[in-house]
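Structure data (mmCIF, C-alpha atoms) from upload-v8.cif:
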data_input
loop_
_atom_site.label_atom_id
_atom_site.label_comp_id
_atom_site.auth_asym_id
_atom_site.auth_seq_id
_atom_site.Cartn_x
_atom_site.Cartn_y
_atom_site.Cartn_z
CA MET Z 862 0.00 0.00 0.00
CA THR Z 863 1.39 3.40 -1.03
CA SER Z 864 1.87 5.89 1.77
CA THR Z 865 0.96 9.56 1.46
CA LEU Z 866 3.32 12.34 2.49
CA LYS Z 867 2.13 15.85 3.31
CA ALA Z 868 4.08 18.81 4.63
CA TYR Z 869 2.99 21.83 6.67
CA ARG Z 870 5.09 24.99 6.93
CA ALA Z 871 4.82 27.60 9.70
CA ALA Z 872 6.48 28.40 13.00
CA ILE Z 873 6.47 25.12 14.94
CA LEU Z 874 6.70 24.58 18.71
CA HIS Z 875 6.47 21.46 20.84
CA SER Z 876 7.37 20.33 24.35
CA ILE Z 877 10.06 17.71 24.78
CA ALA Z 878 10.17 17.56 28.61
CA ASP Z 879 8.68 19.03 31.78
CA PRO Z 880 10.15 22.48 32.52
CA ALA Z 881 9.94 21.66 36.25
CA VAL Z 882 12.38 18.81 35.68
CA VAL Z 883 14.79 20.02 32.98
CA GLY Z 884 14.37 23.80 33.14
CA VAL Z 885 12.45 26.01 30.73
CA GLU Z 886 15.12 26.34 28.03
CA GLN Z 887 15.56 22.57 27.72
CA SER Z 888 11.83 21.82 27.73
CA TYR Z 889 10.85 22.73 24.19
CA GLU Z 890 11.93 22.72 20.56
CA TYR Z 891 11.09 25.66 18.28
CA PHE Z 892 11.46 26.22 14.56
CA GLU Z 893 10.75 29.83 13.57
CA ASP Z 894 10.34 28.69 9.97
CA GLY Z 895 9.61 25.00 10.27
CA VAL Z 896 8.17 22.07 8.37
CA LEU Z 897 6.09 19.28 9.85
CA LEU Z 898 6.18 16.20 7.61
CA VAL Z 899 3.26 13.78 7.98
CA GLU Z 900 3.17 10.28 6.52
CA ASP Z 901 -0.40 8.96 6.45
CA ASP Z 902 -1.54 9.30 10.09
CA ARG Z 903 1.88 9.68 11.75
CA ILE Z 904 4.55 12.29 12.28
CA ALA Z 905 7.43 11.56 9.93
CA ARG Z 906 9.75 14.43 10.76
CA VAL Z 907 9.92 18.00 12.03
CA GLY Z 908 12.67 20.49 11.36
CA HIS Z 909 13.82 23.77 9.87
CA ALA Z 910 12.30 24.61 6.51
CA ALA Z 911 15.76 25.29 5.06
CA ASP Z 912 16.76 21.70 5.86
CA LEU Z 913 13.59 19.89 4.84
CA LEU Z 914 12.22 21.77 1.83
CA PRO Z 915 14.94 20.54 -0.57
CA MET Z 916 13.88 16.96 0.28
CA LEU Z 917 10.19 17.47 -0.46
CA LYS Z 918 10.01 17.36 -4.24
CA GLY Z 919 6.53 16.25 -5.22
CA VAL Z 920 5.21 16.39 -1.66
CA GLU Z 921 2.02 18.40 -1.08
CA LEU Z 922 3.00 21.47 0.95
CA THR Z 923 0.59 23.67 2.91
CA GLU Z 924 2.02 26.98 4.09
CA TYR Z 925 0.54 29.10 6.89
CA GLN Z 926 1.42 32.76 7.30
CA ASP Z 927 1.53 34.32 10.78
CA ALA Z 928 0.77 30.99 12.41
CA LEU Z 929 2.15 28.58 14.98
CA ILE Z 930 1.80 24.79 14.77
CA THR Z 931 1.67 22.91 18.07
CA PRO Z 932 0.60 19.39 19.05
CA GLY Z 933 -3.13 18.93 19.54
CA PHE Z 934 -4.34 19.84 23.00
CA ILE Z 935 -5.16 17.11 25.54
CA ASP Z 936 -8.04 17.46 27.99
CA THR Z 937 -7.63 15.14 30.98
CA HIS Z 938 -11.07 15.75 32.51
CA ILE Z 939 -14.39 16.69 30.89
CA HIS Z 940 -18.08 15.63 31.02
CA TYR Z 941 -19.76 15.38 27.64
CA PRO Z 942 -23.34 15.05 29.03
CA GLN Z 943 -22.91 18.45 30.67
CA THR Z 944 -22.38 20.32 27.40
CA GLY Z 945 -25.90 21.75 27.50
CA MET Z 946 -25.63 23.05 31.05
CA ILE Z 947 -22.31 24.89 30.80
CA ALA Z 948 -22.52 28.32 32.48
CA SER Z 949 -25.36 27.41 34.85
CA TYR Z 950 -25.63 30.01 37.58
CA GLY Z 951 -24.73 30.15 41.19
CA GLU Z 952 -24.00 26.97 43.18
CA GLN Z 953 -21.09 25.16 44.78
CA LEU Z 954 -20.30 21.56 43.97
CA LEU Z 955 -22.87 19.44 45.80
CA ASP Z 956 -25.81 21.77 45.26
CA TRP Z 957 -24.72 22.26 41.65
CA LEU Z 958 -24.87 18.51 41.03
CA ASN Z 959 -28.42 18.24 42.36
CA THR Z 960 -29.71 21.45 40.78
CA TYR Z 961 -28.23 21.16 37.29
CA THR Z 962 -26.13 18.08 36.60
CA PHE Z 963 -28.41 15.21 37.53
CA PRO Z 964 -31.52 16.53 35.72
CA THR Z 965 -29.41 17.18 32.61
CA GLU Z 966 -27.85 13.72 32.62
CA LYS Z 967 -31.29 12.08 32.90
CA GLN Z 968 -31.81 12.87 29.21
CA PHE Z 969 -28.99 10.53 28.20
CA ALA Z 970 -31.20 7.50 28.66
CA ASP Z 971 -32.23 8.39 25.08
CA LYS Z 972 -29.43 7.27 22.76
CA ALA Z 973 -30.53 9.62 19.97
CA HIS Z 974 -30.18 12.56 22.36
CA ALA Z 975 -26.78 11.26 23.50
CA ALA Z 976 -25.59 10.99 19.89
CA ASP Z 977 -26.70 14.55 19.12
CA VAL Z 978 -24.83 15.91 22.14
CA ALA Z 979 -21.76 13.78 21.38
CA GLY Z 980 -21.60 15.34 17.93
CA ILE Z 981 -21.88 18.87 19.33
CA PHE Z 982 -19.35 18.09 22.07
CA LEU Z 983 -16.69 16.64 19.78
CA LYS Z 984 -17.13 19.43 17.24
CA GLU Z 985 -16.60 21.92 20.05
CA LEU Z 986 -13.44 20.16 21.23
CA LEU Z 987 -12.00 20.20 17.71
CA ARG Z 988 -12.94 23.86 17.23
CA ASN Z 989 -10.80 24.54 20.28
CA GLY Z 990 -7.85 22.45 19.13
CA THR Z 991 -8.39 19.52 21.51
CA THR Z 992 -7.67 16.20 19.83
CA THR Z 993 -7.65 13.84 22.85
CA ALA Z 994 -9.86 13.90 25.95
CA LEU Z 995 -10.64 11.79 29.00
CA VAL Z 996 -14.43 11.94 29.08
CA PHE Z 997 -17.24 11.18 31.51
CA GLY Z 998 -20.38 9.67 30.01
CA SER Z 999 -23.57 9.36 32.01
CA VAL Z 1000 -24.75 6.35 34.02
CA HIS Z 1001 -26.49 5.08 30.88
CA LYS Z 1002 -24.63 2.50 28.81
CA GLN Z 1003 -26.08 3.99 25.63
CA SER Z 1004 -24.44 7.35 26.36
CA VAL Z 1005 -21.02 5.74 25.98
CA ASP Z 1006 -22.03 3.78 22.89
CA ALA Z 1007 -23.21 7.02 21.28
CA PHE Z 1008 -20.02 8.88 22.22
CA PHE Z 1009 -17.68 6.19 20.93
CA GLU Z 1010 -19.62 5.81 17.68
CA VAL Z 1011 -19.13 9.49 16.86
CA ALA Z 1012 -15.48 9.54 18.02
CA CYS Z 1013 -14.68 6.39 16.04
CA ALA Z 1014 -16.12 7.84 12.84
CA LEU Z 1015 -13.73 10.81 13.24
CA ASN Z 1016 -10.76 8.53 14.12
CA LEU Z 1017 -10.08 10.47 17.32
CA ARG Z 1018 -8.02 9.27 20.25
CA MET Z 1019 -10.61 9.43 23.01
CA ILE Z 1020 -11.04 7.81 26.42
CA ALA Z 1021 -14.48 7.48 28.01
CA GLY Z 1022 -16.56 5.41 30.37
CA LYS Z 1023 -20.01 4.85 31.81
CA VAL Z 1024 -20.55 6.50 35.17
CA LEU Z 1025 -20.85 4.13 38.13
CA MET Z 1026 -23.26 5.53 40.71
CA ASP Z 1027 -25.38 3.29 42.95
CA ARG Z 1028 -26.23 5.61 45.86
CA ASN Z 1029 -26.67 9.25 46.92
CA ALA Z 1030 -28.16 10.23 43.56
CA PRO Z 1031 -31.68 10.34 42.09
CA ASP Z 1032 -33.22 6.94 41.39
CA TYR Z 1033 -33.38 7.76 37.69
CA LEU Z 1034 -29.57 8.00 37.59
CA THR Z 1035 -28.46 5.06 39.71
CA ASP Z 1036 -27.29 1.64 38.65
CA THR Z 1037 -26.36 -1.22 40.99
CA ALA Z 1038 -22.96 -2.61 41.80
CA GLU Z 1039 -23.73 -5.66 39.66
CA SER Z 1040 -25.33 -3.86 36.71
CA GLY Z 1041 -22.59 -1.24 36.66
CA TYR Z 1042 -19.96 -3.97 36.50
CA ALA Z 1043 -21.79 -5.95 33.79
CA GLU Z 1044 -22.55 -2.94 31.59
CA SER Z 1045 -19.01 -1.60 31.93
CA LYS Z 1046 -17.63 -4.99 30.93
CA GLU Z 1047 -19.88 -5.08 27.88
CA LEU Z 1048 -18.68 -1.62 26.82
CA ILE Z 1049 -15.03 -2.57 27.41
CA GLU Z 1050 -15.37 -5.59 25.15
CA ARG Z 1051 -17.05 -3.51 22.45
CA TRP Z 1052 -14.90 -0.38 22.44
CA HIS Z 1053 -11.59 -0.62 24.31
CA GLY Z 1054 -8.78 -0.69 21.76
CA LYS Z 1055 -11.05 -0.20 18.77
CA GLY Z 1056 -9.34 2.28 16.48
CA ARG Z 1057 -7.88 4.96 18.76
CA LEU Z 1058 -10.43 4.49 21.54
CA HIS Z 1059 -9.81 3.53 25.18
CA TYR Z 1060 -12.15 2.72 28.06
CA ALA Z 1061 -12.11 4.26 31.54
CA VAL Z 1062 -13.75 2.69 34.58
CA THR Z 1063 -15.65 5.72 35.89
CA PRO Z 1064 -17.04 5.89 39.42
CA ARG Z 1065 -18.42 9.44 39.68
CA PHE Z 1066 -16.85 10.02 43.07
CA ALA Z 1067 -16.62 8.05 46.31
CA PRO Z 1068 -19.89 9.36 47.84
CA THR Z 1069 -22.02 8.04 44.97
CA SER Z 1070 -20.67 4.48 45.00
CA THR Z 1071 -21.13 1.83 47.68
CA PRO Z 1072 -18.16 -0.19 48.86
CA GLU Z 1073 -19.55 -3.07 46.77
CA GLN Z 1074 -19.49 -0.97 43.61
CA LEU Z 1075 -16.00 0.36 44.26
CA SER Z 1076 -14.82 -3.19 44.85
CA LEU Z 1077 -16.24 -4.34 41.50
CA ALA Z 1078 -14.68 -1.31 39.79
CA GLY Z 1079 -11.33 -2.48 41.14
CA LYS Z 1080 -12.11 -5.97 39.86
CA LEU Z 1081 -12.61 -4.58 36.34
CA LEU Z 1082 -9.21 -2.92 36.47
CA GLY Z 1083 -7.67 -6.22 37.50
CA GLU Z 1084 -9.37 -8.08 34.66
CA TYR Z 1085 -8.29 -5.55 32.00
CA PRO Z 1086 -4.90 -4.18 33.10
CA ASP Z 1087 -4.62 -1.50 30.39
CA LEU Z 1088 -7.90 0.25 31.26
CA TYR Z 1089 -8.11 3.76 32.64
CA MET Z 1090 -9.75 4.79 35.92
CA HIS Z 1091 -11.37 8.22 36.00
CA THR Z 1092 -13.00 9.88 39.01
CA HIS Z 1093 -13.01 12.96 41.24
CA LEU Z 1094 -10.90 13.67 44.32
CA SER Z 1095 -10.76 16.41 46.96
CA GLU Z 1096 -12.49 19.09 44.92
CA ASN Z 1097 -14.53 20.75 47.67
CA ARG Z 1098 -14.14 20.82 51.46
CA GLN Z 1099 -17.79 19.90 52.04
CA GLU Z 1100 -17.32 16.91 49.75
CA ILE Z 1101 -14.24 15.81 51.71
CA GLU Z 1102 -16.19 15.90 54.98
CA TRP Z 1103 -18.95 13.83 53.35
CA VAL Z 1104 -16.40 11.20 52.33
CA LYS Z 1105 -15.10 11.04 55.91
CA ALA Z 1106 -18.64 10.43 57.18
CA LEU Z 1107 -19.37 7.73 54.57
CA PHE Z 1108 -16.03 5.93 54.99
CA PRO Z 1109 -15.02 6.48 58.65
CA GLU Z 1110 -12.76 3.44 58.59
CA ARG Z 1111 -10.51 5.02 55.93
CA LYS Z 1112 -7.87 7.60 56.82
CA GLY Z 1113 -8.70 9.98 53.96
CA TYR Z 1114 -10.38 10.53 50.61
CA LEU Z 1115 -7.55 9.08 48.51
CA ASP Z 1116 -7.29 6.11 50.86
CA VAL Z 1117 -10.84 5.12 49.88
CA TYR Z 1118 -9.76 4.66 46.27
CA ASP Z 1119 -6.50 3.07 47.32
CA HIS Z 1120 -8.32 0.51 49.47
CA TYR Z 1121 -10.46 -0.59 46.52
CA GLN Z 1122 -7.46 -0.81 44.17
CA LEU Z 1123 -8.50 2.17 42.08
CA ILE Z 1124 -5.13 3.88 42.17
CA GLY Z 1125 -2.11 3.40 39.95
CA PRO Z 1126 -0.94 3.94 36.36
CA ARG Z 1127 -3.73 5.31 34.12
CA ALA Z 1128 -5.77 6.36 37.17
CA VAL Z 1129 -6.72 10.02 36.76
CA PHE Z 1130 -8.20 11.98 39.66
CA ALA Z 1131 -9.89 15.24 38.71
CA HIS Z 1132 -9.27 18.38 40.77
CA GLY Z 1133 -7.14 17.41 43.80
CA VAL Z 1134 -7.49 20.95 45.14
CA HIS Z 1135 -7.14 20.00 48.81
CA LEU Z 1136 -4.48 17.28 48.86
CA CYS Z 1137 -2.05 16.84 51.74
CA ASP Z 1138 1.62 15.96 51.27
CA GLU Z 1139 1.01 12.32 52.17
CA GLU Z 1140 -1.65 12.01 49.48
CA CYS Z 1141 0.60 13.67 46.91
CA GLN Z 1142 3.36 11.25 47.76
CA ARG Z 1143 1.01 8.28 47.38
CA LEU Z 1144 -0.19 9.52 43.99
CA ALA Z 1145 3.40 9.90 42.84
CA GLU Z 1146 4.62 6.50 44.00
CA THR Z 1147 1.67 4.72 42.36
CA GLY Z 1148 2.03 6.58 39.06
CA SER Z 1149 -1.45 8.11 39.33
CA ALA Z 1150 -2.31 11.47 37.79
CA VAL Z 1151 -4.29 14.57 38.73
CA ALA Z 1152 -6.28 16.75 36.33
CA PHE Z 1153 -5.89 20.48 37.04
CA CYS Z 1154 -9.25 22.10 36.17
CA PRO Z 1155 -8.81 25.87 36.59
CA THR Z 1156 -12.05 27.30 35.22
CA SER Z 1157 -14.33 24.95 37.15
CA ASN Z 1158 -12.39 25.30 40.41
CA LEU Z 1159 -12.88 29.06 40.22
CA PHE Z 1160 -16.46 28.86 38.94
CA LEU Z 1161 -17.61 26.58 41.78
CA GLY Z 1162 -15.47 28.29 44.38
CA SER Z 1163 -13.65 25.05 45.17
CA GLY Z 1164 -10.23 26.52 45.93
CA LEU Z 1165 -6.78 27.15 44.45
CA PHE Z 1166 -4.89 24.20 42.97
CA ASP Z 1167 -1.31 23.98 44.24
CA LEU Z 1168 0.60 22.95 41.12
CA ASN Z 1169 3.98 23.51 42.77
CA LYS Z 1170 3.18 21.04 45.55
CA LEU Z 1171 2.36 18.32 43.03
CA GLU Z 1172 5.49 19.17 41.04
CA GLN Z 1173 7.63 18.81 44.15
CA HIS Z 1174 6.21 15.34 44.72
CA ARG Z 1175 6.58 14.47 41.00
CA VAL Z 1176 2.87 13.78 40.54
CA ARG Z 1177 1.73 13.53 36.93
CA VAL Z 1178 -0.53 16.50 36.13
CA GLY Z 1179 -2.68 17.16 33.08
CA LEU Z 1180 -5.02 20.01 32.22
CA GLY Z 1181 -8.80 19.61 32.27
CA THR Z 1182 -11.62 21.91 31.23
CA ASP Z 1183 -14.20 20.04 33.36
CA VAL Z 1184 -17.08 21.21 31.14
CA GLY Z 1185 -19.84 21.75 32.32
CA ALA Z 1186 -18.60 23.17 35.64
CA GLY Z 1187 -15.73 24.47 33.56
CA THR Z 1188 -16.64 27.55 31.59
CA SER Z 1189 -14.86 26.94 28.29
CA PHE Z 1190 -13.83 24.09 25.98
CA SER Z 1191 -10.69 26.09 25.21
CA GLN Z 1192 -7.45 24.92 26.77
CA LEU Z 1193 -6.09 28.39 26.07
CA GLN Z 1194 -8.78 29.78 28.36
CA SER Z 1195 -7.98 27.06 30.92
CA LEU Z 1196 -4.36 28.22 30.89
CA ASN Z 1197 -5.51 31.83 31.26
CA GLU Z 1198 -7.26 30.90 34.52
CA ALA Z 1199 -4.42 28.60 35.61
CA TYR Z 1200 -2.01 31.53 35.45
CA LYS Z 1201 -4.34 33.60 37.66
CA ILE Z 1202 -4.71 30.74 40.16
CA MET Z 1203 -0.94 30.62 40.50
CA GLN Z 1204 -0.73 34.40 40.86
CA LEU Z 1205 -3.26 34.33 43.70
CA GLN Z 1206 -0.85 32.02 45.53
CA GLY Z 1207 2.15 34.24 44.86
CA LYS Z 1208 3.51 31.78 42.28
CA LYS Z 1209 4.19 31.84 38.55
CA LEU Z 1210 3.12 29.71 35.59
CA ASP Z 1211 5.67 29.97 32.80
CA PRO Z 1212 4.17 29.91 29.27
CA PHE Z 1213 6.30 26.91 28.32
CA LYS Z 1214 4.97 25.05 31.34
CA SER Z 1215 1.49 25.96 30.08
CA LEU Z 1216 2.31 24.43 26.70
CA TYR Z 1217 3.59 21.33 28.45
CA LEU Z 1218 0.43 20.93 30.56
CA ALA Z 1219 -1.82 21.21 27.52
CA THR Z 1220 0.17 18.77 25.38
CA LEU Z 1221 3.00 16.48 26.52
CA GLY Z 1222 2.08 16.74 30.22
CA GLY Z 1223 -1.44 15.56 29.43
CA ALA Z 1224 -0.04 12.73 27.33
CA GLU Z 1225 2.23 11.64 30.19
CA ALA Z 1226 -0.66 11.83 32.67
CA LEU Z 1227 -2.60 9.47 30.38
CA TYR Z 1228 0.39 7.20 29.64
CA LEU Z 1229 -0.02 8.07 25.97
CA ASP Z 1230 3.25 9.95 25.50
CA ASP Z 1231 4.45 7.19 23.19
CA LYS Z 1232 1.58 8.11 20.87
CA ILE Z 1233 0.73 11.80 21.30
CA GLY Z 1234 1.90 15.01 22.97
CA ASN Z 1235 4.72 16.22 20.71
CA PHE Z 1236 6.24 15.82 17.25
CA VAL Z 1237 8.56 12.87 17.80
CA SER Z 1238 8.66 10.71 14.67
CA GLY Z 1239 6.13 7.88 14.69
CA LYS Z 1240 3.59 9.57 16.94
CA ASP Z 1241 0.02 10.27 15.87
CA ALA Z 1242 -0.27 13.30 13.59
CA ASP Z 1243 -2.57 15.24 15.92
CA PHE Z 1244 -1.80 18.95 15.67
CA VAL Z 1245 -3.30 22.42 15.66
CA VAL Z 1246 -2.57 25.59 13.71
CA LEU Z 1247 -2.79 28.73 15.87
CA ASP Z 1248 -3.44 32.07 14.18
CA TYR Z 1249 -1.32 35.05 15.24
CA LYS Z 1250 -3.91 37.32 13.58
CA ALA Z 1251 -6.99 35.60 15.03
CA THR Z 1252 -8.44 38.86 16.39
CA PRO Z 1253 -7.42 42.49 15.93
CA LEU Z 1254 -6.19 42.57 19.53
CA ILE Z 1255 -4.11 39.39 19.21
CA ASP Z 1256 -2.68 40.70 15.93
CA TYR Z 1257 -1.71 44.01 17.54
CA ARG Z 1258 -0.27 42.30 20.63
CA MET Z 1259 1.86 39.99 18.48
CA GLN Z 1260 3.35 43.00 16.74
CA GLN Z 1261 4.62 44.21 20.11
CA ALA Z 1262 5.99 40.82 21.24
CA ARG Z 1263 9.76 40.65 21.51
CA SER Z 1264 10.16 36.92 22.14
CA LEU Z 1265 8.55 33.53 21.62
CA ALA Z 1266 7.66 33.43 25.32
CA GLU Z 1267 5.74 36.71 24.95
CA LYS Z 1268 3.84 35.38 21.94
CA LEU Z 1269 2.97 32.13 23.67
CA PHE Z 1270 1.85 33.90 26.83
CA ALA Z 1271 -0.31 36.33 24.87
CA LEU Z 1272 -2.02 33.43 23.10
CA CYS Z 1273 -2.77 31.84 26.48
CA MET Z 1274 -4.19 35.10 27.85
CA LEU Z 1275 -6.10 36.31 24.79
CA GLY Z 1276 -6.77 33.15 22.81
CA ASP Z 1277 -9.90 31.03 22.54
CA ASP Z 1278 -11.59 29.08 19.73
CA ARG Z 1279 -10.98 32.00 17.35
CA ALA Z 1280 -7.23 31.38 17.62
CA ILE Z 1281 -7.63 27.87 16.21
CA LYS Z 1282 -7.16 28.14 12.46
CA GLN Z 1283 -7.19 24.38 11.76
CA THR Z 1284 -7.16 21.11 13.69
CA PHE Z 1285 -5.76 17.78 12.47
CA ALA Z 1286 -6.35 14.32 13.93
CA ALA Z 1287 -4.40 11.32 12.67
CA GLY Z 1288 -3.20 13.42 9.76
CA GLN Z 1289 -6.67 14.45 8.61
CA SER Z 1290 -8.16 17.92 8.84
CA VAL Z 1291 -11.09 17.72 11.27
CA HIS Z 1292 -11.76 21.43 11.75
CA VAL Z 1293 -11.19 24.54 9.65
CA ARG Z 1294 -12.20 27.87 11.14
CA ASP Z 1295 -14.87 29.68 9.14
#

Kindly present the structure from the file in C-alpha cells form.
Amino acid sequence: MTSTLKAYRAAILHSIADPAVVGVEQSYEYFEDGVLLVEDDRIARVGHAADLLPMLKGVELTEYQDALITPGFIDTHIHYPQTGMIASYGEQLLDWLNTYTFPTEKQFADKAHAADVAGIFLKELLRNGTTTALVFGSVHKQSVDAFFEVACALNLRMIAGKVLMDRNAPDYLTDTAESGYAESKELIERWHGKGRLHYAVTPRFAPTSTPEQLSLAGKLLGEYPDLYMHTHLSENRQEIEWVKALFPERKGYLDVYDHYQLIGPRAVFAHGVHLCDEECQRLAETGSAVAFCPTSNLFLGSGLFDLNKLEQHRVRVGLGTDVGAGTSFSQLQSLNEAYKIMQLQGKKLDPFKSLYLATLGGAEALYLDDKIGNFVSGKDADFVVLDYKATPLIDYRMQQARSLAEKLFALCMLGDDRAIKQTFAAGQSVHVRD
C-alpha cells in the first residue's frame, strides 16, 4: 500500500520535557520557519524549513502565514453530558450537582439525544484544538455507545466510560454494583482498543458508589490491566467531609480509592485541590495522575490548585476543562485561569509550562506519551494551527511581542476558539475555522 506524504510549513513549537524537571530552556523545541512532515496518520519528521524543503520534491506542501503549529491539546477531565448546562448560575459543587447536573444527565437515557450531544461536544473540542480527551459519560450504557460511535467515525483518540453511581443520587440516575460492572464490561469488550479508543472505569466520586461498587470497579481494572480509571478527588471541602462520614474506617479521601485498588498507572483523579503531602506522595509513587481544572475550580469556588506542591512530589498532572462546571472548551482559556490561580498564591506559571500541561504533560498523565503530545517521529499526527492574527487585539499584541515566550503567553491570555485556524487528527483535517 502506497503511503501519502504531506508537509505543513509555519512556526512550529512542541514540548520535549517538563520544565519543572529540565528547566524552561531545555523543555521545548522551536522552529521559527519550520516544516512538519506527515506520513499517512503519523509524524514523519519535524525540522527547519531550510533543511527539509529541498527533500520534499513532489510532496504536497501547505504553508501558513503568521501561524504557529503545536501538538493537539489534551483534555484530561471533561463531562460530555454536561455540554448543554455549561454556564449554569450560582451553586457550589454538591448543590450544583443536584440542581443542574443530575436533571441534565437524565436525558442521556435516550441514545438519539446522546448521539446529538456527542456530535456537538466533539465538534466543540476540535474547534478549540483539543484532539484527545478523558471523558465522563452518564450512568447510561447507551451514552457511551453514542459517544464512541461518533469519536470512532472521526478517528479520534478518546477515552471514556459509563458513570458508576449506585447511591446518593436520584433513582433515575443510579445503577447497581452488579449492573454497573456488567454494563461496563460489555462496553469494554465492544470499544476498548477499537481504532484509537480507550475505556475508563468511571465511578463518579466516592460518595455516589457503595463499597460493593467500588470493589467491583477495582475488579474490572484487574481483569483488564490496560484500562483507565477516572473519578473525582478532593475538589470541595464539604465533599471531603462527606467522604469522611461515609467511609469512617478510611484515613482519607484518597485512601478510599487506594483501598479498593482504584489507584495506579492510568488512574486520573480530577481536581485534587485540597491534597495533603502524604496524598501527593502516594499519587506519585503509584504513578497516578491529577487533572488540574482551573475554570471549574474558580467557577464553583472550590479553591486554588497547588501545582507547585504536586510538582515537588513528581505527581503527573494534566489540564482539564471540566465542562460543564468548567466555563470553556478552550485549553487556552484554561491556561488563562491557571495563570491567575498561581498568581493568587504568589507563584508563577511559565508559558512553556502551560504548553507542556496542555500537550505532553497531558499525554504523560494518560500514559499516551508514546503516541501523542509532541512531534517525535512515529507519533500520531494530531496537531493544531494557531493564528497570530486571530483577532485584531491578538494581531496588535503579536506585533509588540519581543520573544517567543511573549507570543505564547499572549495566546494563552487572549486566545480562545478564534485562535484555532485548523485542527488535524491522525493526519486528517477535522476542523477549519470559518

Result set, the PyMOL selection byres ((chain Z and resi 1102-1109) around 12) on current file, as number ranges by chain: Z: 955, 1028-1029, 1066-1072, 1093-1101, 1110-1118, 1120, 1135

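Of note, CA of Arg1177 (chain Z) and CA of Phe1160 (chain Z) are spaced 23.9 Å apart.
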
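Matched in the shown structure by the PyMOL selection byres ((chain Z and resi 987) around 10): Gly933, Phe934, Phe982, Leu983, Lys984, Glu985, Leu986, Arg988, Asn989, Gly990, Thr991, Thr992, Thr993, Leu1017, Phe1190, Ser1191, Val1245, Asp1278, Ile1281, Gln1283, Thr1284, Phe1285, Ala1286, Ser1290, Val1291, His1292 and Val1293 of chain Z.
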
The PyMOL selection byres ((chain Z and resi 1210-1217) around 6) applied to the shown file, residues as a list in words: Ser876, Pro880, Tyr1200, Lys1209, Leu1218, Ala1219, Thr1220, Leu1221, Gly1222 and Phe1270 of chain Z

Kindly provide the residues of region 1013-1124 of chain Z that approach region 935-942 of chain Z to within 10 Å, each paired with its closest atom pair and their distance in Å to one decimal, based on all atoms listed in the file, listed by chain and increasing number, as a tab-separated table.
residue	atom	partner	partner_atom	distance
Z:Arg1018	CA	Z:Ile935	CA	9.9
Z:Met1019	CA	Z:Ile935	CA	9.8
Z:Ile1020	CA	Z:Thr937	CA	9.3
Z:Ala1021	CA	Z:His940	CA	9.4
Z:His1091	CA	Z:His938	CA	8.3
Z:Thr1092	CA	Z:His938	CA	9.0
Z:His1093	CA	Z:His938	CA	9.4

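Within 8 Å of region 1005-1007 of chain Z there are Z:Lys972, Z:Ala973, Z:Ala975, Z:Ala976, Z:Ala979, Z:Gly998, Z:Ser999, Z:His1001, Z:Val1011, Z:Ala1021, Z:Gly1022, Z:Lys1023, Z:Leu1048, counting only C-alpha atoms and ignoring same-chain residues fewer than 4 positions away.
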
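In this model, the gap between CA of Ala910 (chain Z) and CA of Tyr1249 (chain Z) comes to 19.3 Å.
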
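Each of Z:Thr863, Z:Thr931, Z:Gln1289, Z:Gln1260 was compared to Phe892 (chain Z) using all atoms listed in the file, and Z:Thr931 turns out to be the nearest.
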
Of the listed residues Z:Arg1175, Z:Lys1046, Z:Lys1208, Z:Arg1051, that which approaches Thr1063 (chain Z) most closely, counting only C-alpha atoms: Z:Lys1046

From the block you just saw, export region 1110-1130 of chain Z: C-alpha atoms, as a compact mmCIF listing (two decimals), in the first residue's frame.
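This went into part-v8.txt:
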# COMPACT_ATOMS: atom_id res chain seq x y z
CA GLU Z 1110 -12.76 3.44 58.59
CA ARG Z 1111 -10.51 5.02 55.93
CA LYS Z 1112 -7.87 7.60 56.82
CA GLY Z 1113 -8.70 9.98 53.96
CA TYR Z 1114 -10.38 10.53 50.61
CA LEU Z 1115 -7.55 9.08 48.51
CA ASP Z 1116 -7.29 6.11 50.86
CA VAL Z 1117 -10.84 5.12 49.88
CA TYR Z 1118 -9.76 4.66 46.27
CA ASP Z 1119 -6.50 3.07 47.32
CA HIS Z 1120 -8.32 0.51 49.47
CA TYR Z 1121 -10.46 -0.59 46.52
CA GLN Z 1122 -7.46 -0.81 44.17
CA LEU Z 1123 -8.50 2.17 42.08
CA ILE Z 1124 -5.13 3.88 42.17
CA GLY Z 1125 -2.11 3.40 39.95
CA PRO Z 1126 -0.94 3.94 36.36
CA ARG Z 1127 -3.73 5.31 34.12
CA ALA Z 1128 -5.77 6.36 37.17
CA VAL Z 1129 -6.72 10.02 36.76
CA PHE Z 1130 -8.20 11.98 39.66
